[in-house]
Each structure stands twice: as C-alpha cells, then as structure tokens.
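Peer 1: Take a look at this one; I'll ask things after.
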Amino acid sequence: MLATAFNLSNEQAVTLVSLPSVFASQLAIYYATTRYIYGLSRGGYMPPALSLTTKNGAPYTAMAATSVMFGILSAVLQYSSDKSTSAIFLTIGTIFALTAYIVQPILYIRLKFRLPALPRPFNARVFGIPAAVINLIIASAALVGMVVLNSMWQWCLLWVAIGYVCMIPFYILVVRHYLMDSPEKMFIKRQLDSMMRESLMTSSTSGKGQSMAK
C-alpha cells in the first residue's frame, strides 16, 4: 500500500515502516547503556564523575559519555571499508549483553539469599528467583549455542576474553581503591549496620522478656 501510494520500492516501504521500531530500539539501547555507566560509576568501577545527576536525578554525565561513545561507534561503522565491521561490532555487543544477562541473575539470587530484608523499590516475592533461573538458562544456552555454531562468535568471544584479561591490572591498580568508598558500598554497609542493630535490639528485648518471666 505504501509503495503504491507514495511510489516507493518494496525496500523503501519496509524501511519506512521499520523506522519507528528502530528509533524505539535505539532509545532503549541508549537508556540501558546510560544506566550501566551510571551504575558502574556508583559501584566504584568507573570514575565518580560519571554518576553525577541533576537536581531531578537525571545522570547527565553518563548520558553525555554514552552519546560520545555512540557517535564514535557510528562514525566507525559509517566510514569503515570492511563490510564485516558492522557484523563484528554487533556480535561483540551481543556477547557483552549475554554476559550481563548471565551475571545479573546470579547476583540477584545471591543477594536474595544473603540480604533477604534489603529494601528494594520492587520486590518480586513469588517469581523472582524462578524467573532469574530461567533467564540464566536462556542466556547461557544462547551464548554457548552461538559460539559453538558460528565461527565469528568464537573469534569475537576470544577478543572479548582478551579485553577482560587486559582490564584485570586496571581493576587491581585503580578500580579496587574506589570500591570501598563507593555510594553503593556505603548504602549496603548502612543497611547491614541497620539490620545488625535491629537484630541486637530484638535479642535484647527477648532476653529481658525471658528474665521477667522467670
């Protein structure tokens, strides 16, 4: 219908129809990347300046860093003479995403067992851990399956692993010193201290009650 009404080719019509979903996808990727940078900065894994926010809570420095990174990546993909560059970047990005989808449910389950009373904005009481396990299985199966079946994924995974290994000295020499005083660590420390005080008060109250009963 679009091709007939606007004198477009089928390819142009499909592109026109897909533009809203492409824009929505790019916005979601931008939001997720900004949130990752902000979260890593809050956790002490990236410079503290990347977690600065406006008075309304918008992480403007993380958004600026994301914009610069996306601009550089777009320029590389636009002007690269190698036709496989786009596929390589897409594969590496997917491997990073699947790695996050594997690590996140593991950490979620671990926190659920170690700090069950930790205040959370949203608490999935029934389906939290089962959903995390399903997510972990799907992400692990997708990563293993693509690496086994696709040689490009094998090479990209190798380079990602090399990148992780090269980051170890940076973590030991720089990042580790920021972790102890990071906002996330301080938040968890305050929660643990509060839980400890409540536990001691409960124990003290129950002890007094038993003494009076005797």
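As shown in the structure tokens, the chain order sets the letters A, B, ...; within each chain, residues go from 1, and ligands are also counted from 1 in the order they appear.
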Considering only helix (DSSP H, G or I) as DSSP defines it on the backbone, what residues of chain A qualify? List them as a ChimeraX atom specification.

Peer 2: /A:2-6,10-43,48-51,60-79,85-114,128-149,151-179,183-213

Peer 1: Name the residues in contact with stretch 85-92 of chain A at a cut-off of 8 Å, using only C-alpha atoms, excluding same-chain residues fewer than 2 positions from it; report them as a PDB file with all heavy atoms, in the first residue's frame.

Peer 2:
ATOM      1  N   LEU A  77      31.390   2.697  11.994  1.00  0.00           N
ATOM      2  CA  LEU A  77      30.554   1.833  11.163  1.00  0.00           C
ATOM      3  C   LEU A  77      30.220   2.489   9.823  1.00  0.00           C
ATOM      4  O   LEU A  77      30.113   1.809   8.799  1.00  0.00           O
ATOM      5  CB  LEU A  77      29.260   1.487  11.911  1.00  0.00           C
ATOM      6  CG  LEU A  77      29.415   0.660  13.185  1.00  0.00           C
ATOM      7  CD1 LEU A  77      28.054   0.440  13.846  1.00  0.00           C
ATOM      8  CD2 LEU A  77      30.070  -0.679  12.878  1.00  0.00           C
ATOM      9  N   SER A  80      33.812   2.732   7.678  1.00  0.00           N
ATOM     10  CA  SER A  80      34.700   1.576   7.582  1.00  0.00           C
ATOM     11  C   SER A  80      34.583   0.946   6.196  1.00  0.00           C
ATOM     12  O   SER A  80      33.479   0.765   5.652  1.00  0.00           O
ATOM     13  CB  SER A  80      34.349   0.542   8.650  1.00  0.00           C
ATOM     14  OG  SER A  80      35.132  -0.616   8.487  1.00  0.00           O
ATOM     15  N   ASP A  82      35.631  -2.125   5.524  1.00  0.00           N
ATOM     16  CA  ASP A  82      35.399  -3.555   5.695  1.00  0.00           C
ATOM     17  C   ASP A  82      33.907  -3.807   5.932  1.00  0.00           C
ATOM     18  O   ASP A  82      33.325  -3.285   6.882  1.00  0.00           O
ATOM     19  CB  ASP A  82      36.215  -4.080   6.884  1.00  0.00           C
ATOM     20  CG  ASP A  82      36.209  -5.595   6.960  1.00  0.00           C
ATOM     21  OD1 ASP A  82      35.433  -6.231   6.216  1.00  0.00           O
ATOM     22  OD2 ASP A  82      36.986  -6.153   7.765  1.00  0.00           O
ATOM     23  N   LYS A  83      33.302  -4.610   5.083  1.00  0.00           N
ATOM     24  CA  LYS A  83      31.869  -4.853   5.186  1.00  0.00           C
ATOM     25  C   LYS A  83      31.493  -5.673   6.422  1.00  0.00           C
ATOM     26  O   LYS A  83      30.336  -5.653   6.846  1.00  0.00           O
ATOM     27  CB  LYS A  83      31.367  -5.565   3.925  1.00  0.00           C
ATOM     28  CG  LYS A  83      31.478  -4.721   2.661  1.00  0.00           C
ATOM     29  CD  LYS A  83      30.929  -5.457   1.458  1.00  0.00           C
ATOM     30  CE  LYS A  83      31.027  -4.599   0.206  1.00  0.00           C
ATOM     31  NZ  LYS A  83      30.494  -5.300  -0.996  1.00  0.00           N
ATOM     32  N   THR A  94      26.454  -8.147  21.382  1.00  0.00           N
ATOM     33  CA  THR A  94      25.551  -9.203  21.836  1.00  0.00           C
ATOM     34  C   THR A  94      26.221 -10.085  22.884  1.00  0.00           C
ATOM     35  O   THR A  94      25.579 -10.513  23.858  1.00  0.00           O
ATOM     36  CB  THR A  94      25.097 -10.065  20.642  1.00  0.00           C
ATOM     37  OG1 THR A  94      24.569  -9.226  19.614  1.00  0.00           O
ATOM     38  CG2 THR A  94      24.024 -11.048  21.067  1.00  0.00           C
ATOM     39  N   ILE A  95      27.511 -10.361  22.713  1.00  0.00           N
ATOM     40  CA  ILE A  95      28.246 -11.162  23.708  1.00  0.00           C
ATOM     41  C   ILE A  95      28.294 -10.421  25.040  1.00  0.00           C
ATOM     42  O   ILE A  95      28.085 -11.020  26.108  1.00  0.00           O
ATOM     43  CB  ILE A  95      29.665 -11.482  23.199  1.00  0.00           C
ATOM     44  CG1 ILE A  95      29.595 -12.480  22.050  1.00  0.00           C
ATOM     45  CG2 ILE A  95      30.527 -12.047  24.323  1.00  0.00           C
ATOM     46  CD1 ILE A  95      30.917 -12.747  21.369  1.00  0.00           C
ATOM     47  N   PHE A  96      28.571  -9.120  24.993  1.00  0.00           N
ATOM     48  CA  PHE A  96      28.560  -8.328  26.237  1.00  0.00           C
ATOM     49  C   PHE A  96      27.183  -8.378  26.896  1.00  0.00           C
ATOM     50  O   PHE A  96      27.064  -8.515  28.120  1.00  0.00           O
ATOM     51  CB  PHE A  96      28.944  -6.880  25.951  1.00  0.00           C
ATOM     52  CG  PHE A  96      30.423  -6.638  25.928  1.00  0.00           C
ATOM     53  CD1 PHE A  96      31.051  -6.134  24.802  1.00  0.00           C
ATOM     54  CD2 PHE A  96      31.209  -6.913  27.034  1.00  0.00           C
ATOM     55  CE1 PHE A  96      32.420  -5.916  24.778  1.00  0.00           C
ATOM     56  CE2 PHE A  96      32.571  -6.696  27.025  1.00  0.00           C
ATOM     57  CZ  PHE A  96      33.179  -6.196  25.896  1.00  0.00           C
ATOM     58  N   MET A 152      32.431 -16.718  13.709  1.00  0.00           N
ATOM     59  CA  MET A 152      32.624 -15.304  14.047  1.00  0.00           C
ATOM     60  C   MET A 152      32.430 -15.087  15.541  1.00  0.00           C
ATOM     61  O   MET A 152      33.160 -14.322  16.173  1.00  0.00           O
ATOM     62  CB  MET A 152      31.666 -14.416  13.255  1.00  0.00           C
ATOM     63  CG  MET A 152      31.805 -12.934  13.601  1.00  0.00           C
ATOM     64  SD  MET A 152      30.651 -11.867  12.711  1.00  0.00           S
ATOM     65  CE  MET A 152      31.343 -11.966  11.060  1.00  0.00           C
ATOM     66  N   TRP A 153      31.438 -15.758  16.115  1.00  0.00           N
ATOM     67  CA  TRP A 153      31.210 -15.649  17.548  1.00  0.00           C
ATOM     68  C   TRP A 153      32.401 -16.183  18.329  1.00  0.00           C
ATOM     69  O   TRP A 153      32.736 -15.663  19.387  1.00  0.00           O
ATOM     70  CB  TRP A 153      29.939 -16.398  17.935  1.00  0.00           C
ATOM     71  CG  TRP A 153      28.698 -15.604  17.728  1.00  0.00           C
ATOM     72  CD1 TRP A 153      28.179 -15.194  16.531  1.00  0.00           C
ATOM     73  CD2 TRP A 153      27.817 -15.098  18.730  1.00  0.00           C
ATOM     74  NE1 TRP A 153      27.035 -14.471  16.721  1.00  0.00           N
ATOM     75  CE2 TRP A 153      26.781 -14.403  18.067  1.00  0.00           C
ATOM     76  CE3 TRP A 153      27.793 -15.185  20.115  1.00  0.00           C
ATOM     77  CZ2 TRP A 153      25.745 -13.786  18.751  1.00  0.00           C
ATOM     78  CZ3 TRP A 153      26.760 -14.574  20.812  1.00  0.00           C
ATOM     79  CH2 TRP A 153      25.754 -13.884  20.133  1.00  0.00           C
ATOM     80  N   CYS A 156      35.071 -13.455  18.166  1.00  0.00           N
ATOM     81  CA  CYS A 156      34.653 -12.295  18.948  1.00  0.00           C
ATOM     82  C   CYS A 156      34.702 -12.595  20.446  1.00  0.00           C
ATOM     83  O   CYS A 156      35.127 -11.744  21.246  1.00  0.00           O
ATOM     84  CB  CYS A 156      33.242 -11.867  18.544  1.00  0.00           C
ATOM     85  SG  CYS A 156      33.141 -11.121  16.898  1.00  0.00           S
ATOM     86  N   LEU A 157      34.303 -13.806  20.837  1.00  0.00           N
ATOM     87  CA  LEU A 157      34.376 -14.179  22.246  1.00  0.00           C
ATOM     88  C   LEU A 157      35.822 -14.216  22.722  1.00  0.00           C
ATOM     89  O   LEU A 157      36.127 -13.807  23.855  1.00  0.00           O
ATOM     90  CB  LEU A 157      33.722 -15.544  22.464  1.00  0.00           C
ATOM     91  CG  LEU A 157      33.703 -16.059  23.918  1.00  0.00           C
ATOM     92  CD1 LEU A 157      32.917 -15.112  24.808  1.00  0.00           C
ATOM     93  CD2 LEU A 157      33.125 -17.466  23.983  1.00  0.00           C
ATOM     94  N   VAL A 160      36.831 -10.632  23.278  1.00  0.00           N
ATOM     95  CA  VAL A 160      36.183 -10.131  24.497  1.00  0.00           C
ATOM     96  C   VAL A 160      36.903 -10.659  25.726  1.00  0.00           C
ATOM     97  O   VAL A 160      37.148  -9.918  26.694  1.00  0.00           O
ATOM     98  CB  VAL A 160      34.692 -10.538  24.514  1.00  0.00           C
ATOM     99  CG1 VAL A 160      34.074 -10.249  25.888  1.00  0.00           C
ATOM    100  CG2 VAL A 160      33.926  -9.784  23.436  1.00  0.00           C
TER     101      VAL A 160
END

Peer 1: State, in Å with one decimal place, the distance from atom CA of A:Tyr31 to atom CA of A:Thr66.

Peer 2: 9.0 Å

Peer 1: Quick one: residues within 12 Å of A:Gln26, only C-alpha atoms, excluding same-chain residues fewer than 6 positions away - as a ChimeraX atom specification?

Peer 2: /A:19-20,32-33,66-67,70

Peer 1: Out of A:Ala139, A:Gln12, A:Phe170, A:Tyr60, which residue has the shortest atom-to-atom distance to A:Thr34 when counting only C-alpha atoms?

Peer 2: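 Among the listed residues, A:Tyr60 lies closest to A:Thr34.
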
Peer 1: Under the rule that only C-alpha atoms are counted, which of A:Val175, A:Cys166, A:Pro59, A:Ala132 is the nearest residue to A:Gly43?

Peer 2: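 The answer is A:Val175, which sits nearest to A:Gly43.
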
Peer 1: Which is closest to A:Ile37 among A:Leu8, A:Leu158, A:Thr61, A:Tyr79, if we use only C-alpha atoms?

Peer 2: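 Selected residue with least distance to A:Ile37: A:Thr61.
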
Peer 1: Have a look at atom CA of A:Val144 and atom CA of A:Ile102 and let me know their distance in Å, one decimal.

Peer 2: 11.5 Å
